[in-house]
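Participant: Structure file my_file.txt, compact mmCIF, C-alpha atoms, is pasted below:
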# COMPACT_ATOMS: atom_id res chain seq x y z
CA MET A 1 0.00 0.00 0.00
CA LYS A 2 1.33 3.43 -0.94
CA HIS A 3 1.43 6.16 1.67
CA LYS A 4 1.95 9.81 0.88
CA LEU A 5 4.14 11.91 3.13
CA GLY A 6 1.89 14.41 4.89
CA MET A 7 2.85 18.01 5.54
CA ARG A 8 3.02 17.39 9.28
CA THR A 9 5.45 14.49 8.77
CA ILE A 10 7.72 16.61 6.58
CA LYS A 11 7.67 19.53 9.02
CA THR A 12 8.39 17.20 11.93
CA ALA A 13 11.38 15.56 10.23
CA ILE A 14 12.96 18.82 9.08
CA GLY A 15 12.15 20.63 12.32
CA ALA A 16 13.64 17.92 14.53
CA THR A 17 16.83 17.89 12.46
CA ILE A 18 17.20 21.67 12.69
CA ALA A 19 16.50 21.61 16.45
CA ILE A 20 19.26 19.03 17.05
CA LEU A 21 21.75 20.90 14.88
CA MET A 22 20.95 24.17 16.61
CA ALA A 23 21.32 22.65 20.08
CA GLN A 24 24.63 21.08 19.06
CA SER A 25 25.92 24.34 17.59
CA LEU A 26 25.20 26.06 20.92
CA GLY A 27 27.12 23.35 22.75
CA LEU A 28 24.14 22.16 24.75
CA LYS A 29 24.21 18.84 26.55
CA TYR A 30 21.67 16.22 25.50
CA ALA A 31 21.13 18.05 22.20
CA LEU A 32 19.15 15.12 20.82
CA SER A 33 16.38 15.93 23.29
CA ALA A 34 15.68 19.16 21.40
CA GLY A 35 14.75 17.06 18.38
CA ILE A 36 12.46 14.83 20.43
CA ILE A 37 10.73 17.90 21.89
CA THR A 38 10.14 19.18 18.35
CA VAL A 39 8.65 15.83 17.32
CA LEU A 40 6.25 15.97 20.27
CA SER A 41 5.39 19.64 19.74
CA VAL A 42 4.43 19.78 16.04
CA GLN A 43 0.63 19.93 15.93
CA ASN A 44 -2.11 20.06 13.31
CA THR A 45 -2.99 23.70 13.93
CA LYS A 46 -1.24 26.97 14.82
CA LYS A 47 -3.30 27.55 17.96
CA LYS A 48 -2.68 24.05 19.24
CA SER A 49 1.05 24.40 18.60
CA LEU A 50 1.17 27.69 20.52
CA GLU A 51 -0.85 26.23 23.39
CA ILE A 52 1.44 23.19 23.60
CA ALA A 53 4.58 25.38 23.55
CA LEU A 54 3.35 27.57 26.43
CA LEU A 55 2.06 24.56 28.36
CA ARG A 56 5.36 22.70 28.11
CA LEU A 57 7.36 25.76 29.10
CA ASN A 58 5.29 26.15 32.26
CA SER A 59 5.49 22.42 32.89
CA THR A 60 9.28 22.47 32.53
CA LEU A 61 9.65 25.35 34.98
CA LEU A 62 7.50 23.50 37.50
CA ALA A 63 9.34 20.19 36.98
CA LEU A 64 12.79 21.72 37.31
CA GLY A 65 11.77 23.58 40.45
CA ILE A 66 10.37 20.48 42.18
CA SER A 67 13.22 18.20 41.08
CA CYS A 68 15.94 20.62 42.16
CA ILE A 69 14.54 20.82 45.68
CA LEU A 70 14.08 17.04 45.94
CA PHE A 71 17.49 16.14 44.50
CA LEU A 72 19.24 18.55 46.84
CA LEU A 73 17.30 17.20 49.84
CA VAL A 74 17.14 13.48 49.05
CA GLY A 75 20.10 13.13 46.71
CA PHE A 76 20.49 12.20 43.05
CA HIS A 77 18.95 8.76 43.43
CA PRO A 78 16.20 6.90 41.54
CA VAL A 79 14.12 7.07 44.72
CA ALA A 80 14.23 10.87 44.52
CA PHE A 81 13.00 10.67 40.94
CA GLY A 82 10.10 8.46 42.02
CA ILE A 83 9.17 10.96 44.75
CA TYR A 84 9.42 13.75 42.16
CA LEU A 85 6.89 11.94 39.94
CA LEU A 86 4.54 11.40 42.90
CA ILE A 87 4.56 15.14 43.55
CA PHE A 88 4.87 16.55 40.04
CA ILE A 89 2.23 14.53 38.17
CA PRO A 90 -0.73 15.43 40.43
CA ILE A 91 0.29 19.11 40.47
CA ALA A 92 0.72 19.18 36.68
CA ALA A 93 -2.66 17.51 36.23
CA HIS A 94 -4.30 20.01 38.60
CA PHE A 95 -2.96 22.95 36.61
CA LYS A 96 -3.85 21.26 33.29
CA LEU A 97 -0.20 20.74 32.33
CA SER A 98 -0.53 17.01 31.67
CA ASP A 99 0.73 17.28 28.08
CA GLY A 100 4.06 18.46 29.43
CA ILE A 101 4.64 15.68 31.97
CA VAL A 102 6.66 13.37 29.71
CA VAL A 103 8.87 16.03 28.12
CA SER A 104 9.54 17.79 31.43
CA SER A 105 10.39 14.52 33.16
CA VAL A 106 12.87 13.63 30.42
CA LEU A 107 14.65 16.92 31.07
CA VAL A 108 14.63 16.16 34.81
CA THR A 109 16.41 12.86 34.15
CA HIS A 110 19.29 14.90 32.73
CA LEU A 111 19.76 16.48 36.18
CA LEU A 112 19.57 13.04 37.75
CA GLY A 113 22.16 11.69 35.32
CA GLU A 114 24.56 14.58 35.87
CA GLY A 115 24.37 14.20 39.65
CA TYR A 116 24.41 17.93 40.34
CA VAL A 117 22.36 21.09 39.86
CA ASN A 118 23.67 24.51 38.94
CA LEU A 119 22.49 27.52 36.95
CA SER A 120 24.34 26.43 33.80
CA LEU A 121 22.64 23.04 33.75
CA LEU A 122 19.19 24.54 34.36
CA ILE A 123 19.73 27.00 31.51
CA ASN A 124 20.81 24.05 29.33
CA GLU A 125 17.48 22.28 29.99
CA LEU A 126 15.43 25.42 29.39
CA MET A 127 17.30 26.06 26.14
CA LEU A 128 16.50 22.53 24.96
CA MET A 129 12.83 23.25 25.61
CA PHE A 130 12.95 26.67 23.95
CA ILE A 131 14.66 25.30 20.85
CA GLY A 132 12.47 22.19 20.50
CA ALA A 133 9.14 23.91 21.09
CA GLY A 134 10.25 27.07 19.29
CA ILE A 135 11.23 25.27 16.09
CA ALA A 136 7.92 23.40 16.13
CA LEU A 137 6.05 26.67 16.58
CA ILE A 138 7.93 28.32 13.71
CA PHE A 139 7.27 25.40 11.37
CA ASN A 140 3.60 25.42 12.33
CA LEU A 141 3.28 29.02 11.21
CA TYR A 142 2.87 27.56 7.74
CA MET A 143 -0.37 25.71 7.24
CA PRO A 144 -1.87 24.88 3.84
CA LYS A 145 -4.94 26.99 3.08
CA MET A 146 -8.19 25.08 3.33
CA ILE A 147 -10.63 27.61 1.89
CA HIS A 148 -10.87 25.87 -1.48
CA GLN A 149 -11.63 22.51 0.14
CA ILE A 150 -14.07 24.00 2.65
CA LYS A 151 -15.97 25.73 -0.15
CA LYS A 152 -16.11 22.39 -1.94
CA ASP A 153 -17.42 20.84 1.29
CA GLN A 154 -20.15 23.47 1.38
CA ASP A 155 -21.14 22.86 -2.22
CA ASP A 156 -21.21 19.09 -1.69
CA ILE A 157 -23.25 19.39 1.50
CA GLU A 158 -25.78 21.72 -0.08
CA GLU A 159 -26.14 19.36 -3.05
CA HIS A 160 -26.64 16.47 -0.62
CA LEU A 161 -29.27 18.49 1.23
CA ARG A 162 -31.13 19.25 -2.00
CA THR A 163 -31.14 15.57 -2.94
CA VAL A 164 -32.44 14.60 0.50
CA LEU A 165 -35.19 17.22 0.36
CA PHE A 166 -36.27 16.08 -3.12
CA CYS A 167 -36.28 12.51 -1.81
CA LEU A 168 -38.51 13.52 1.14
CA ALA A 169 -40.80 15.45 -1.21
CA ASN A 170 -41.23 12.35 -3.35
CA THR A 171 -41.98 10.24 -0.28
CA THR A 172 -44.52 12.81 0.92
CA ARG A 173 -46.30 12.85 -2.42
CA SER A 174 -46.35 9.13 -3.20
CA GLN A 175 -45.69 7.36 0.12
CA SER A 176 -42.99 5.49 -1.78
CA VAL A 177 -39.60 5.48 -0.06
CA SER A 178 -36.58 5.64 -2.35
CA ILE A 179 -34.19 2.70 -2.14
CA ASP A 180 -31.35 5.25 -1.95
CA GLU A 181 -32.77 7.11 1.04
CA GLU A 182 -30.70 5.36 3.71
CA ALA A 183 -27.51 5.80 1.67
CA LEU A 184 -28.31 9.49 1.10
CA PHE A 185 -28.69 10.22 4.81
CA LEU A 186 -25.59 8.22 5.72
CA SER A 187 -23.53 9.97 3.03
CA LEU A 188 -24.71 13.39 4.22
CA ALA A 189 -23.87 12.57 7.85
CA ASN A 190 -20.35 11.44 6.92
CA ARG A 191 -19.80 14.48 4.71
CA LEU A 192 -20.90 16.82 7.49
CA GLU A 193 -18.56 15.22 10.02
CA VAL A 194 -15.52 15.48 7.72
CA ALA A 195 -16.40 19.08 6.81
CA ARG A 196 -16.99 20.03 10.46
CA LEU A 197 -13.55 18.76 11.49
CA ARG A 198 -11.91 20.56 8.56
CA ALA A 199 -13.68 23.84 9.38
CA GLU A 200 -12.60 23.60 13.01
CA GLN A 201 -9.01 22.87 11.99
CA ASN A 202 -9.10 25.88 9.69
CA ARG A 203 -10.36 28.05 12.56
CA GLN A 204 -7.51 26.88 14.77
CA ASN A 205 -4.98 27.96 12.14
CA TYR A 206 -5.79 31.65 12.58
CA LEU A 207 -4.11 33.20 15.62
CA PHE A 208 -5.17 36.82 15.22
CA ASP A 209 -8.01 36.70 12.69
CA GLU A 210 -11.64 35.79 13.25
CA MET A 211 -12.37 32.60 11.35
CA THR A 212 -15.37 31.02 13.07
CA TYR A 213 -17.76 31.42 10.13
CA TYR A 214 -17.13 28.05 8.50
CA ALA A 215 -17.37 26.21 11.84
CA GLN A 216 -20.68 28.00 12.51
CA TYR A 217 -21.90 27.09 9.03
CA MET A 218 -21.11 23.39 9.49
CA GLU A 219 -22.81 23.41 12.89
CA MET A 220 -25.90 24.96 11.30
CA ARG A 221 -26.04 22.35 8.56
CA THR A 222 -25.52 19.58 11.13
CA MET A 223 -28.50 20.86 13.13
CA GLN A 224 -30.55 20.88 9.95
CA TYR A 225 -29.49 17.31 9.24
CA HIS A 226 -30.92 16.20 12.59
CA VAL A 227 -34.20 17.93 11.74
CA LEU A 228 -34.24 16.13 8.39
CA THR A 229 -33.90 12.79 10.17
CA ASN A 230 -36.94 13.70 12.26
CA MET A 231 -38.85 14.58 9.09
CA ARG A 232 -37.89 11.23 7.62
CA GLN A 233 -39.08 9.35 10.70
CA THR A 234 -42.36 11.28 10.68
CA LEU A 235 -43.02 10.40 7.04
CA GLY A 236 -42.46 6.75 7.89
CA LYS A 237 -45.67 6.91 9.96
CA VAL A 238 -47.80 8.37 7.15
CA VAL A 239 -49.64 5.61 5.26
CA MET A 240 -51.98 7.53 2.96
CA THR A 241 -51.68 10.36 0.44
CA LEU A 242 -53.85 13.37 1.29
CA GLU A 243 -54.41 16.81 -0.17
CA GLN A 244 -52.03 18.14 2.45
CA SER A 245 -49.39 15.64 1.30
CA ILE A 246 -49.23 17.30 -2.12
CA MET A 247 -48.96 20.76 -0.55
CA LEU A 248 -46.09 19.68 1.70
CA ALA A 249 -44.32 17.90 -1.14
CA ASP A 250 -44.48 21.06 -3.28
CA LEU A 251 -43.20 23.12 -0.33
CA THR A 252 -40.31 20.72 0.28
CA GLU A 253 -39.31 20.85 -3.37
CA HIS A 254 -39.44 24.64 -3.32
CA ILE A 255 -37.13 24.70 -0.28
CA ALA A 256 -34.73 22.32 -2.04
CA MET A 257 -34.54 24.58 -5.09
CA SER A 258 -34.02 27.66 -2.89
CA LEU A 259 -31.24 26.13 -0.79
CA HIS A 260 -28.22 28.46 -0.68
CA GLU A 261 -25.52 29.47 1.77
CA PHE A 262 -26.71 33.08 2.19
CA ASN A 263 -30.45 32.53 1.78
CA THR A 264 -31.98 34.20 4.87
CA ALA A 265 -34.97 31.80 4.68
CA ASP A 266 -37.38 34.68 5.38
CA ASP A 267 -39.42 34.14 2.20
CA LEU A 268 -39.44 30.38 2.74
CA ILE A 269 -40.72 30.83 6.29
CA LYS A 270 -43.52 33.08 5.02
CA LYS A 271 -44.46 30.45 2.44
CA THR A 272 -44.39 27.72 5.09
CA LYS A 273 -46.64 29.76 7.37
CA ALA A 274 -49.04 30.26 4.47
CA VAL A 275 -49.17 26.49 3.91
CA LEU A 276 -49.72 25.98 7.64
CA THR A 277 -52.62 28.46 7.63
CA SER A 278 -54.13 26.80 4.57
CA CYS A 279 -53.95 23.37 6.21
CA ARG A 280 -55.63 24.67 9.37
CA ASN A 281 -58.48 26.17 7.38
CA GLN A 282 -59.26 22.97 5.52
CA GLU A 283 -62.11 20.64 6.37
CA LEU A 284 -61.58 18.49 9.45
CA PRO A 285 -60.62 14.82 8.95
CA LYS A 286 -63.52 12.40 8.60
CA THR A 287 -61.87 9.21 9.85
CA ARG A 288 -59.44 8.27 12.58
CA GLU A 289 -56.89 7.13 9.99
CA GLU A 290 -57.10 10.46 8.18
CA PHE A 291 -56.78 12.29 11.50
CA GLU A 292 -53.64 10.36 12.46
CA ASN A 293 -52.04 10.88 9.06
CA ARG A 294 -52.80 14.59 9.04
CA ALA A 295 -51.32 14.84 12.54
CA MET A 296 -48.10 13.32 11.22
CA LEU A 297 -48.08 15.75 8.30
CA PHE A 298 -48.62 18.61 10.73
CA GLN A 299 -45.56 17.43 12.69
CA TYR A 300 -43.63 17.25 9.41
CA LEU A 301 -44.63 20.86 8.66
CA ASN A 302 -43.46 21.96 12.10
CA ASP A 303 -40.12 20.30 11.42
CA VAL A 304 -39.90 22.17 8.10
CA MET A 305 -40.41 25.41 10.03
CA HIS A 306 -37.68 24.40 12.49
CA LEU A 307 -35.36 23.59 9.58
CA LEU A 308 -35.82 27.09 8.18
CA GLU A 309 -35.61 28.82 11.56
CA ILE A 310 -32.17 27.27 12.08
CA LYS A 311 -30.99 28.88 8.86
CA ARG A 312 -32.57 32.24 9.65
CA GLN A 313 -30.97 32.26 13.10
CA PHE A 314 -27.59 31.43 11.57
CA ILE A 315 -27.80 34.43 9.22
CA ALA A 316 -29.10 36.69 12.00
CA ASN A 317 -26.17 35.79 14.28
CA LEU A 318 -23.50 36.69 11.72
CA THR A 319 -21.52 39.79 12.55
CA ASP A 320 -21.22 42.68 10.10
CA GLU A 321 -17.60 41.67 9.56
CA GLN A 322 -18.60 38.10 8.71
CA VAL A 323 -21.26 39.26 6.26
CA ARG A 324 -18.73 41.55 4.61
CA LYS A 325 -15.94 38.99 4.59
CA PHE A 326 -17.80 35.83 3.67
CA ASN A 327 -20.43 36.97 1.22
CA PRO A 328 -20.04 35.25 -2.17
CA TYR A 329 -18.32 38.22 -3.83
CA ALA A 330 -15.74 38.64 -1.06
CA LEU A 331 -15.11 34.88 -1.07
CA GLU A 332 -14.51 34.87 -4.80
CA GLU A 333 -11.90 37.63 -4.43
CA ALA A 334 -10.20 35.85 -1.52
CA ILE A 335 -9.96 32.52 -3.32
CA ASN A 336 -8.69 33.88 -6.66
Let me see whether you can do it: turn the structure in this file into structure tokens.

Facilitator:
Amino acid sequence: MKHKLGMRTIKTAIGATIAILMAQSLGLKYALSAGIITVLSVQNTKKKSLEIALLRLNSTLLALGISCILFLLVGFHPVAFGIYLLIFIPIAAHFKLSDGIVVSSVLVTHLLGEGYVNLSLLINELMLMFIGAGIALIFNLYMPKMIHQIKKDQDDIEEHLRTVLFCLANTTRSQSVSIDEEALFLSLANRLEVARLRAEQNRQNYLFDEMTYYAQYMEMRTMQYHVLTNMRQTLGKVVMTLEQSIMLADLTEHIAMSLHEFNTADDLIKKTKAVLTSCRNQELPKTREEFENRAMLFQYLNDVMHLLEIKRQFIANLTDEQVRKFNPYALEEAIN
């Protein structure tokens, strides 16, 4: 099986090599540890890399402080190292420094191996941490842009949503469930999960710029997906085609054709309310079966309203900056 070298792998290999060479050029002891720290510090996003670097620096300061006191009191003995771990690990966990426990403890073993503590040796350990984490942070400043792929995710998701809505419209009109329905919903769910993770990773790659829009968008579409599953389950309980079935099928198709990233859904909500009013004004059901089926269709219509309200709320919650930055014209300029 062929495996492509990922960007993170390449950055890790080059970064670790540079970290070792830099530590060696400065005459630091245990220079290889700088490379290991780089390997452990390269992350998938800029924010995560910065968080890890700061966390491990704080963890190292805490570890060196505790170990110095213990080694001077107990001696440079494996027992002292065990006591250090008993004290350091709970404290690090309490202050949410757990990701730095392993790296910091490796640096502490250098003190144990040397059998003494002085300012020069402490500076040596701090420099190893600075170089290893610093090189990783510098290399993580470059992240491939994901806008093209995220826009493709959006297009694919919206096309999936249209297909699902047309499928539900057909079921509403004919009470005939498409053989592809299960596959359609499963495909949409998988696509949303992949796109959601990509959008969140993209957000984490911006340190000083607001980039929550795509994550918000994917969350909105995920919420709509859950409503669609409710609509599907409701239709599964309808066993007869009524006048209201045709109205709801036409409405669902209209929503599918109007589906768009920046559609405020206001007009669609007005149309849905009009259908709701029309259904309420119609003659009451004559049989129990008709009553039960119309009740299910009424629930379906309420779900349609919820589906549209989710979109309207998403648009309403966008900031002026987001509207300016992420409208289709601004996006086209940013991508080209």

Participant: So how far away is CA of Gly113 in chain A from CA of Val74 in chain A, in Å?

Facilitator: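 Going from CA of Val74 in chain A over to CA of Gly113 in chain A covers 14.7 Å.
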
Participant: Would you kindly return, as an NGL selection string, each protein, DNA or RNA residue with an atom no farther than 9 Å from any atom of Thr264 in chain A, considering all atoms listed in the file and excluding same-chain residues fewer than 3 positions away?

Facilitator: :A and (260-261 or 267-268 or 308 or 311-316)

Participant: Using the file's own x, y and z axes, what box holds all listed atoms of range 289-308 of chain A with 4 Å on each side, keeping edges along x, y and z, and what are its centre and edge lengths in Å to one decimal, as AutoDock Vina command-line options?

Facilitator:
--center_x -46.2 --center_y 17.1 --center_z 10.4 --size_x 29.7 --size_y 28.0 --size_z 12.6
